[in-house]
Every structure is written in C-alpha cells, then in structure tokens.
file entry_30.txt (compact mmCIF, C-alpha atoms)
# COMPACT_ATOMS: atom_id res chain seq x y z
CA MET A 1 30.15 1.16 21.16
CA SER A 2 28.83 -2.37 20.95
CA ASP A 3 30.37 -5.78 21.43
CA ILE A 4 29.24 -6.73 17.92
CA THR A 5 32.08 -6.44 15.45
CA LEU A 6 31.25 -5.68 11.86
CA ASN A 7 32.94 -7.92 9.30
CA PRO A 8 32.43 -6.39 5.86
CA GLU A 9 34.50 -9.09 4.18
CA THR A 10 31.90 -11.70 5.20
CA TRP A 11 28.79 -9.71 4.28
CA VAL A 12 28.37 -11.14 0.77
CA ASP A 13 28.64 -14.75 1.89
CA LYS A 14 26.58 -14.35 5.04
CA TYR A 15 23.86 -11.94 3.95
CA GLY A 16 24.16 -11.67 0.16
CA ASN A 17 21.36 -14.04 -0.76
CA TYR A 18 19.09 -12.77 2.01
CA LEU A 19 19.49 -9.13 0.97
CA TYR A 20 19.22 -10.02 -2.72
CA ASN A 21 15.92 -11.87 -2.12
CA PHE A 22 14.67 -9.03 0.05
CA ALA A 23 15.40 -6.59 -2.79
CA MET A 24 14.10 -8.89 -5.55
CA MET A 25 10.74 -9.26 -3.82
CA ARG A 26 10.44 -5.49 -3.78
CA VAL A 27 11.83 -4.33 -7.12
CA TYR A 28 11.40 -7.52 -9.22
CA ASN A 29 14.46 -6.84 -11.34
CA SER A 30 17.76 -8.69 -10.88
CA ASP A 31 20.06 -5.88 -12.04
CA MET A 32 18.27 -3.34 -9.87
CA ALA A 33 18.26 -5.71 -6.89
CA GLU A 34 22.00 -6.28 -7.26
CA ASP A 35 22.62 -2.52 -7.50
CA LEU A 36 20.58 -1.91 -4.35
CA VAL A 37 22.50 -4.58 -2.44
CA GLN A 38 25.77 -3.08 -3.70
CA ASP A 39 24.67 0.41 -2.58
CA THR A 40 23.68 -1.04 0.78
CA PHE A 41 27.12 -2.58 1.34
CA TYR A 42 28.78 0.65 0.23
CA SER A 43 26.68 2.82 2.56
CA ALA A 44 27.09 0.36 5.42
CA PHE A 45 30.85 0.28 4.97
CA LYS A 46 31.03 4.08 4.98
CA ALA A 47 28.79 4.26 8.06
CA LYS A 48 30.32 1.40 10.02
CA ALA A 49 31.73 3.77 12.63
CA SER A 50 28.19 4.80 13.49
CA PHE A 51 26.96 1.22 14.01
CA MET A 52 25.78 1.19 17.63
CA GLY A 53 25.22 -2.53 17.95
CA ASN A 54 21.61 -2.10 19.04
CA SER A 55 20.66 -4.64 16.41
CA SER A 56 22.37 -7.51 14.64
CA GLU A 57 24.57 -6.96 11.60
CA LYS A 58 21.85 -8.52 9.43
CA THR A 59 19.10 -6.28 10.82
CA TRP A 60 21.29 -3.20 10.40
CA LEU A 61 22.07 -4.05 6.77
CA THR A 62 18.40 -4.78 6.10
CA SER A 63 17.35 -1.41 7.49
CA ILE A 64 19.85 0.31 5.17
CA LEU A 65 18.53 -1.71 2.22
CA LYS A 66 14.93 -0.79 3.10
CA ARG A 67 15.89 2.89 2.90
CA LYS A 68 17.58 2.32 -0.46
CA ILE A 69 14.45 0.62 -1.78
CA ILE A 70 12.22 3.50 -0.64
CA ASP A 71 14.58 5.95 -2.37
CA HIS A 72 14.34 3.81 -5.51
CA TYR A 73 10.52 3.92 -5.31
CA ARG A 74 10.55 7.69 -4.87
CA LYS A 75 12.75 8.09 -7.91
CA ASN A 76 10.34 5.96 -9.93
CA ALA A 77 7.33 7.77 -8.52
CA ARG A 78 8.66 10.97 -10.07
CA SER A 79 9.18 9.35 -13.46
CA LYS A 80 6.48 9.00 -16.09
CA GLU A 81 7.41 5.44 -16.83
CA ASP A 82 3.88 4.24 -16.35
CA ASN A 83 0.79 6.37 -16.43
CA LEU A 84 -1.35 6.24 -13.34
CA LEU A 85 -4.44 7.07 -15.27
CA ASP A 86 -4.02 4.44 -17.96
CA ASN A 87 -7.19 2.45 -18.33
CA PRO A 88 -6.42 -1.11 -17.29
CA GLU A 89 -8.77 -2.27 -20.01
CA HIS A 90 -10.32 -4.97 -17.91
CA PHE A 91 -13.72 -3.29 -17.82
CA GLN A 92 -16.01 -2.45 -20.70
CA THR A 93 -15.67 1.14 -21.84
CA GLU A 94 -18.92 1.66 -23.74
CA GLY A 95 -22.46 0.42 -24.19
CA ILE A 96 -24.94 -0.68 -21.56
CA LEU A 97 -22.28 -2.80 -19.90
CA LYS A 98 -19.87 0.10 -19.42
CA GLY A 99 -17.92 -0.34 -16.18
CA HIS A 100 -18.56 -4.08 -15.91
CA TRP A 101 -16.02 -6.81 -16.47
CA ASP A 102 -14.89 -7.21 -20.03
CA ASP A 103 -15.65 -10.66 -21.44
CA ASN A 104 -11.94 -11.44 -21.68
CA SER A 105 -11.29 -10.46 -18.08
CA LEU A 106 -14.20 -12.03 -16.21
CA PRO A 107 -12.83 -13.41 -12.92
CA PHE A 108 -13.55 -17.07 -12.39
CA ASP A 109 -13.28 -19.55 -9.59
CA TRP A 110 -9.68 -20.73 -9.37
CA GLY A 111 -10.90 -23.83 -7.61
CA VAL A 112 -8.42 -23.75 -4.74
CA THR A 113 -8.64 -22.71 -1.13
CA ALA A 114 -6.26 -20.12 0.32
CA GLU A 115 -4.63 -22.80 2.46
CA ALA A 116 -4.10 -25.22 -0.42
CA SER A 117 -2.67 -22.53 -2.67
CA ALA A 118 -0.21 -21.20 -0.13
CA VAL A 119 2.37 -23.88 -0.66
CA GLU A 120 5.61 -22.67 -2.06
CA ASN A 121 5.84 -25.14 -4.92
CA THR A 122 2.33 -24.69 -6.31
CA GLU A 123 1.91 -23.27 -9.77
CA LEU A 124 0.10 -20.25 -8.34
CA TYR A 125 3.11 -19.35 -6.25
CA LYS A 126 5.42 -19.53 -9.27
CA VAL A 127 3.05 -17.59 -11.54
CA LEU A 128 2.48 -14.93 -8.87
CA LYS A 129 6.24 -14.43 -8.59
CA ASN A 130 6.51 -13.87 -12.35
CA CYS A 131 3.43 -11.64 -12.52
CA LEU A 132 4.73 -9.38 -9.74
CA ALA A 133 7.76 -8.75 -11.96
CA LYS A 134 5.48 -7.49 -14.75
CA ILE A 135 3.71 -4.77 -12.74
CA PRO A 136 4.82 -1.24 -13.69
CA PRO A 137 7.31 0.10 -11.10
CA ARG A 138 5.15 2.81 -9.55
CA MET A 139 2.29 0.41 -9.04
CA ALA A 140 4.61 -2.29 -7.77
CA ALA A 141 5.89 0.16 -5.16
CA THR A 142 2.43 0.72 -3.67
CA PHE A 143 1.63 -2.99 -3.69
CA THR A 144 4.94 -3.90 -2.09
CA LEU A 145 4.84 -1.24 0.62
CA LYS A 146 1.32 -2.29 1.49
CA GLU A 147 1.54 -6.06 1.23
CA PHE A 148 5.18 -6.78 2.06
CA GLU A 149 6.05 -3.94 4.42
CA ASP A 150 2.60 -3.50 5.98
CA TYR A 151 2.90 0.28 5.66
CA SER A 152 -0.17 2.35 6.54
CA THR A 153 -1.93 4.45 3.92
CA GLU A 154 -0.40 7.60 5.41
CA GLU A 155 3.12 6.15 5.36
CA ILE A 156 2.84 5.04 1.72
CA CYS A 157 1.44 8.42 0.66
CA ASN A 158 4.24 10.25 2.48
CA GLU A 159 6.99 8.02 1.09
CA LEU A 160 5.76 8.18 -2.50
CA ASN A 161 4.33 11.70 -2.32
CA ILE A 162 0.91 10.69 -3.60
CA THR A 163 -2.61 11.40 -2.37
CA PRO A 164 -4.80 8.73 -0.73
CA SER A 165 -7.10 8.82 -3.77
CA ASN A 166 -4.17 8.09 -6.08
CA LEU A 167 -3.15 5.25 -3.79
CA TRP A 168 -6.58 3.54 -3.95
CA VAL A 169 -6.60 3.81 -7.71
CA MET A 170 -3.05 2.45 -8.00
CA ILE A 171 -3.76 -0.44 -5.67
CA HIS A 172 -6.97 -1.19 -7.53
CA ARG A 173 -5.23 -1.24 -10.93
CA THR A 174 -2.34 -3.28 -9.59
CA LYS A 175 -4.71 -5.88 -8.23
CA VAL A 176 -6.78 -6.05 -11.41
CA GLN A 177 -3.62 -6.46 -13.51
CA LEU A 178 -2.11 -8.99 -11.16
CA ARG A 179 -5.11 -11.31 -11.14
CA ASP A 180 -5.48 -10.99 -14.89
CA CYS A 181 -1.83 -11.94 -15.39
CA ILE A 182 -2.22 -14.93 -13.07
CA GLU A 183 -5.32 -16.16 -14.88
CA LYS A 184 -3.70 -15.83 -18.27
CA ASN A 185 -0.56 -17.66 -17.19
CA TRP A 186 -2.00 -20.20 -14.81
CA PHE A 187 -5.02 -21.48 -16.66
CA LYS A 188 -5.71 -22.70 -20.12
CA PRO A 189 -8.95 -21.31 -21.63
CA ASP A 190 -10.77 -24.63 -21.31
CA GLN A 191 -9.96 -24.81 -17.59
CA LYS A 192 -12.08 -21.78 -16.73
CA ARG A 193 -14.70 -22.53 -14.15
CA TYR A 194 -17.28 -19.86 -13.46
CA SER A 195 -18.67 -20.01 -9.98
CA MET B 8 -22.69 -12.63 -24.86
CA ASN B 9 -26.01 -14.32 -24.30
CA ILE B 10 -29.25 -12.49 -23.56
CA PHE B 11 -29.44 -13.71 -19.96
CA LYS B 12 -26.02 -12.35 -19.13
CA LYS B 13 -26.90 -9.02 -20.73
CA LEU B 14 -30.11 -8.78 -18.74
CA TRP B 15 -28.30 -9.79 -15.57
CA ILE B 16 -25.63 -7.14 -15.93
CA THR B 17 -28.16 -4.49 -16.92
CA TYR B 18 -30.02 -5.26 -13.72
CA LEU B 19 -26.81 -5.08 -11.71
CA LYS B 20 -25.81 -1.82 -13.29
CA ALA B 21 -29.14 -0.17 -12.61
CA THR B 22 -29.35 -1.31 -9.02
CA TYR B 23 -25.93 -2.11 -7.69
CA ARG B 24 -23.36 -0.02 -9.57
CA THR B 25 -20.64 -1.40 -11.78
CA CYS B 26 -17.95 -4.02 -11.21
CA GLY B 27 -15.31 -1.35 -11.82
CA GLU B 28 -16.72 0.77 -9.00
CA ALA B 29 -17.12 -2.23 -6.71
CA THR B 30 -13.51 -3.36 -7.16
CA LEU B 31 -12.30 0.22 -6.63
CA LEU B 32 -14.30 0.38 -3.39
CA MET B 33 -12.67 -2.90 -2.32
CA ALA B 34 -9.25 -1.29 -2.81
CA LYS B 35 -10.36 1.85 -1.01
CA GLU B 36 -11.69 -0.23 1.88
CA GLU B 37 -8.18 -1.59 2.45
CA CYS B 38 -6.81 1.94 2.82
CA ALA B 39 -9.59 3.94 4.41
CA LYS B 40 -12.99 3.81 6.02
CA LEU B 41 -15.81 3.69 3.49
CA SER B 42 -18.76 6.04 3.92
CA ASP B 43 -22.11 4.47 4.79
CA ASP B 44 -23.25 5.02 1.21
CA GLU B 45 -20.14 3.39 -0.26
CA ARG B 46 -20.35 0.46 2.14
CA GLY B 47 -24.00 -0.06 1.25
CA ARG B 48 -23.31 0.08 -2.48
CA LEU B 49 -20.46 -2.38 -2.19
CA LYS B 50 -22.49 -4.74 -0.05
CA ARG B 51 -25.42 -4.71 -2.46
CA HIS B 52 -23.13 -5.29 -5.43
CA MET B 53 -21.33 -8.16 -3.72
CA SER B 54 -24.61 -9.80 -2.76
CA ARG B 55 -25.46 -10.14 -6.44
CA CYS B 56 -22.24 -10.28 -8.47
CA LYS B 57 -20.53 -13.66 -8.73
CA TYR B 58 -17.67 -12.21 -10.75
CA CYS B 59 -16.69 -9.67 -8.11
CA ASN B 60 -16.98 -12.36 -5.45
CA ALA B 61 -14.59 -14.51 -7.51
CA TYR B 62 -12.28 -11.47 -7.81
CA LYS B 63 -12.35 -11.01 -4.02
CA HIS B 64 -11.56 -14.67 -3.43
CA GLN B 65 -8.69 -14.54 -5.92
CA HIS B 66 -7.10 -11.71 -3.94
CA GLU B 67 -7.43 -13.67 -0.74
CA LEU B 68 -5.38 -16.40 -2.43
CA ILE B 69 -2.82 -13.86 -3.64
CA ALA B 70 -2.51 -12.36 -0.13
CA LYS B 71 -1.95 -15.82 1.33
CA ASN B 72 0.82 -16.51 -1.19
CA VAL B 73 2.45 -13.13 -0.51
CA ASP B 74 2.54 -14.09 3.19
CA VAL B 75 4.30 -17.33 2.25
CA MET B 76 6.86 -15.42 0.19
CA LYS B 77 7.57 -13.05 3.08
CA HIS B 78 7.91 -15.92 5.53
CA ASN B 79 10.22 -17.91 3.25
CA ILE B 80 12.71 -15.05 2.97
CA GLU B 81 12.79 -14.69 6.75
CA VAL B 82 13.59 -18.37 7.21
CA ASP B 83 16.23 -18.31 4.46
CA LYS B 84 14.17 -20.30 1.94
CA TYR B 85 15.10 -18.22 -1.03
CA LEU B 86 13.50 -17.80 -4.43
CA TYR B 87 16.60 -16.26 -5.97
CA PHE B 88 20.30 -16.87 -5.57
CA LEU B 89 23.25 -14.66 -6.37
CA THR B 90 25.37 -16.10 -9.14
CA PRO B 91 29.13 -16.50 -8.52
CA GLU B 92 29.68 -13.52 -10.84
CA GLN B 93 27.26 -11.34 -8.86
CA LYS B 94 28.94 -12.35 -5.60
CA GLU B 95 32.30 -11.47 -7.05
CA ARG B 96 31.05 -8.05 -8.15
CA LEU B 97 29.59 -7.37 -4.71
CA LYS B 98 32.82 -8.42 -2.98
CA ASN B 99 34.86 -6.23 -5.29
CA GLY B 100 32.50 -3.35 -4.53
CA ILE B 101 33.15 -3.71 -0.82
CA LYS B 102 36.92 -3.88 -1.40
CA LEU B 103 36.74 -0.69 -3.47
CA SER B 104 34.94 1.04 -0.60
CA GLU B 105 37.92 0.49 1.68

call {"tool": "encode", "arguments": {"input": "entry_30.txt", "output": "structure tokens"}}
result
Amino acid sequence: MSDITLNPETWVDKYGNYLYNFAMMRVYNSDMAEDLVQDTFYSAFKAKASFMGNSSEKTWLTSILKRKIIDHYRKNARSKEDNLLDNPEHFQTEGILKGHWDDNSLPFDWGVTAEASAVENTELYKVLKNCLAKIPPRMAATFTLKEFEDYSTEEICNELNITPSNLWVMIHRTKVQLRDCIEKNWFKPDQKRYS
Amino acid sequence: MNIFKKLWITYLKATYRTCGEATLLMAKEECAKLSDDERGRLKRHMSRCKYCNAYKHQHELIAKNVDVMKHNIEVDKYLYFLTPEQKERLKNGIKLSE
C-alpha cells in the first residue's frame, strides 16, 4: 500500500472544479458533467482499497473520470441521436457548383493570427466554447478524443467502434459545422473579409 | 453569384475537384496517410482555392484555442465552476457511498 491517504470527504472541495471542467470540456453539458463527476467519486470511493498510490489522488480520480467519459461516448455512439450521414448542408448539392461551398457558408479570412487568437479572453475563445457545446454528441466525441485527448485513429475507432472511414467523415463534418457556427456567432455579415 | 465566380468554380471543379472533397481529404490527412493521387488532388485544389485555404487557416486558429483550453484546465484556470448546490449534491453522493 502507499503512503498517500485518500480523503473522500475533501474530494469535492479539492478536485470538484477541476474534474467538472475536465468533464465539461468533453461532454459540453452541465448536468451530464455533474453526473460523470458524481459517478467518478462513487466508483473511486468503492475502489479506494485498490488505490496503490502510484499516482496522486487527483491523477487517480482523473483516470477514473476519463473511463467514465469514454463509456458515455460509447453509449452515445450506439444511439441514433444524430445521423452520421446527414448532409451538413455547407456545400452545394446540385448544379454545376455541386460539391463546392454554398454561398452562405463560404469561409472567409477571420483576420487574426493563431497567436493573437489564442488568448483566453478573446471573443473567438468564448464563441468556440459555446459552439463546441452545440456539436451533436457522437461527433463531439470524435473531436474531443482527437483534439483534447490526442488519441490515435486506431484508439478512437476501437473506443467508439467505428471504422476509419466513418471517423474521417465525422471529423470532417464536425469541423465544417464548428467553423460555420463560429463565423455565424463571431462576425456580423458586414464584417466578412474574403481573402 | 457573379459570372466570374461561376467561371472560377467551374474551372476548379473540372481541374481540381470540389471543396467538399478537398476538406474531406484534409480531415483524412489528419487520421491517415493520403495516397499519392489524393495528395496530388488536394495540393492542386489548395493551390487554387482561396476558400479552402481560409477554411484551413480557420482550423489552425481553432486548434490553437483548443490547446489554450486544455492548458488552462491543467493550471486550474477554469471556464466553469460548480455551484454551491452542485457541490452539496456531490458531497451528499459521497456520504451515501459510505
């Protein structure tokens, strides 16, 4: 056994906000995030005898939460809540311009550099946070595992039980939807600047 | 849509595939190795299409902001905070586990 003593009565005050943020940035829903944190504390409490002390209390709780989040993704991946094959409607569907950007979705120059935008209090940061919450759950799962957890293609496909081809399509549609949401919420029509 | 834009996109479509295909190849490129043919098609499209280049740049900005979000959580700069009611519910949950 380890020298680290677990103190369940302090978990909420010490790690509550950390775990809640960790969950929120992965499921984008406050009720769900709270439930996942609650499940994490419950599972950790039940498994406290098996805590080996190889990691800190915080790391141990985080690893349990990560597992809970993956289970949540798997559950959603089996549901038909959002249709993978829905047309994102950002590209023209007929005529000589079929397959090209729709007039209402043409990407434009946002006029900021990556460095300048990556400041926590910029509008982009705030809008991105809100737009992530609007992505359908199955698509959000692929985006989050890839961008937040740095999972490989193989790991994501195994966790969500999808094929690599499905993964590319889901990531593609997530990205198209995300940028469209940001443009619609970040810019006014007269601010559009085409590069 | 003006005539120049129509001609431009018709030219793109005939020679360099569509924007939908190009953006899909960009997503595929992040997950797997593109074939020589796919890489060539994407490269040709990107050399001509300002909209897909803007799209690519937008995602570089998004990726940078995602990195900031990840970093902020690790250094305890939170976006969200548990309300007193949520904390109370979580504490009660732990007590009930005992």

call {"tool": "atom_distance", "arguments": {"input": "entry_30.txt", "atom1": "atom CA of A:Gln177", "atom2": "atom CA of B:Lys84"}}
result
27.3 Å

call {"tool": "interface_residues", "arguments": {"input": "entry_30.txt", "of": "chain A", "to": "chain B", "cutoff": "8 Å", "atoms": "all atoms listed in the file", "output": "NGL selection string"}}
result
:A and (8-9 or 12-13 or 16-18 or 20-22 or 24 or 34 or 37-38 or 41-42 or 45-46 or 91 or 96-101 or 106-110 or 113-115 or 117-120 or 125 or 128 or 147-148 or 152-153 or 164 or 168-169 or 171-172 or 175 or 179 or 195)

call {"tool": "atom_distance", "arguments": {"input": "entry_30.txt", "atom1": "atom CA of A:Ser30", "atom2": "atom CA of A:Ile162"}}
result
26.7 Å

call {"tool": "atom_distance", "arguments": {"input": "entry_30.txt", "atom1": "atom CA of A:Asp71", "atom2": "atom CA of A:Leu160"}}
result
9.1 Å

call {"tool": "closest_residue", "arguments": {"input": "entry_30.txt", "among": "A:Val127, A:Met139, A:Leu132, A:Leu167", "to": "A:Glu183", "atoms": "all atoms listed in the file"}}
result
A:Val127

call {"tool": "closest_residue", "arguments": {"input": "entry_30.txt", "among": "A:Ala23, A:Ala33, A:Cys131, A:Leu145", "to": "A:Thr62", "atoms": "only C-alpha atoms"}}
result
A:Ala23

call {"tool": "decode", "arguments": {"input": "entry_30.txt", "residues": "stretch 68-96 of chain B", "atoms": "C-alpha atoms", "output": "compact mmCIF listing (two decimals), in the first residue's frame"}}
result
# COMPACT_ATOMS: atom_id res chain seq x y z
CA LEU B 68 -6.93 29.06 -35.14
CA ILE B 69 -9.42 26.63 -33.61
CA ALA B 70 -6.63 24.13 -32.81
CA LYS B 71 -4.62 26.87 -31.12
CA ASN B 72 -7.60 27.83 -28.97
CA VAL B 73 -8.29 24.19 -28.06
CA ASP B 74 -4.67 23.99 -26.84
CA VAL B 75 -5.28 27.05 -24.67
CA MET B 76 -8.41 25.46 -23.20
CA LYS B 77 -6.52 22.26 -22.38
CA HIS B 78 -3.68 24.18 -20.79
CA ASN B 79 -5.99 26.37 -18.71
CA ILE B 80 -7.68 23.37 -17.10
CA GLU B 81 -4.30 21.90 -16.19
CA VAL B 82 -3.23 25.11 -14.46
CA ASP B 83 -6.57 25.45 -12.66
CA LYS B 84 -7.80 28.40 -14.76
CA TYR B 85 -11.33 27.17 -15.10
CA LEU B 86 -14.10 28.03 -17.53
CA TYR B 87 -16.81 26.55 -15.34
CA PHE B 88 -17.40 26.43 -11.62
CA LEU B 89 -19.55 24.12 -9.56
CA THR B 90 -22.41 25.97 -7.91
CA PRO B 91 -22.87 25.57 -4.12
CA GLU B 92 -25.89 23.36 -4.87
CA GLN B 93 -23.85 21.11 -7.17
CA LYS B 94 -21.11 20.83 -4.55
CA GLU B 95 -23.66 19.90 -1.95
CA ARG B 96 -25.12 17.20 -4.19
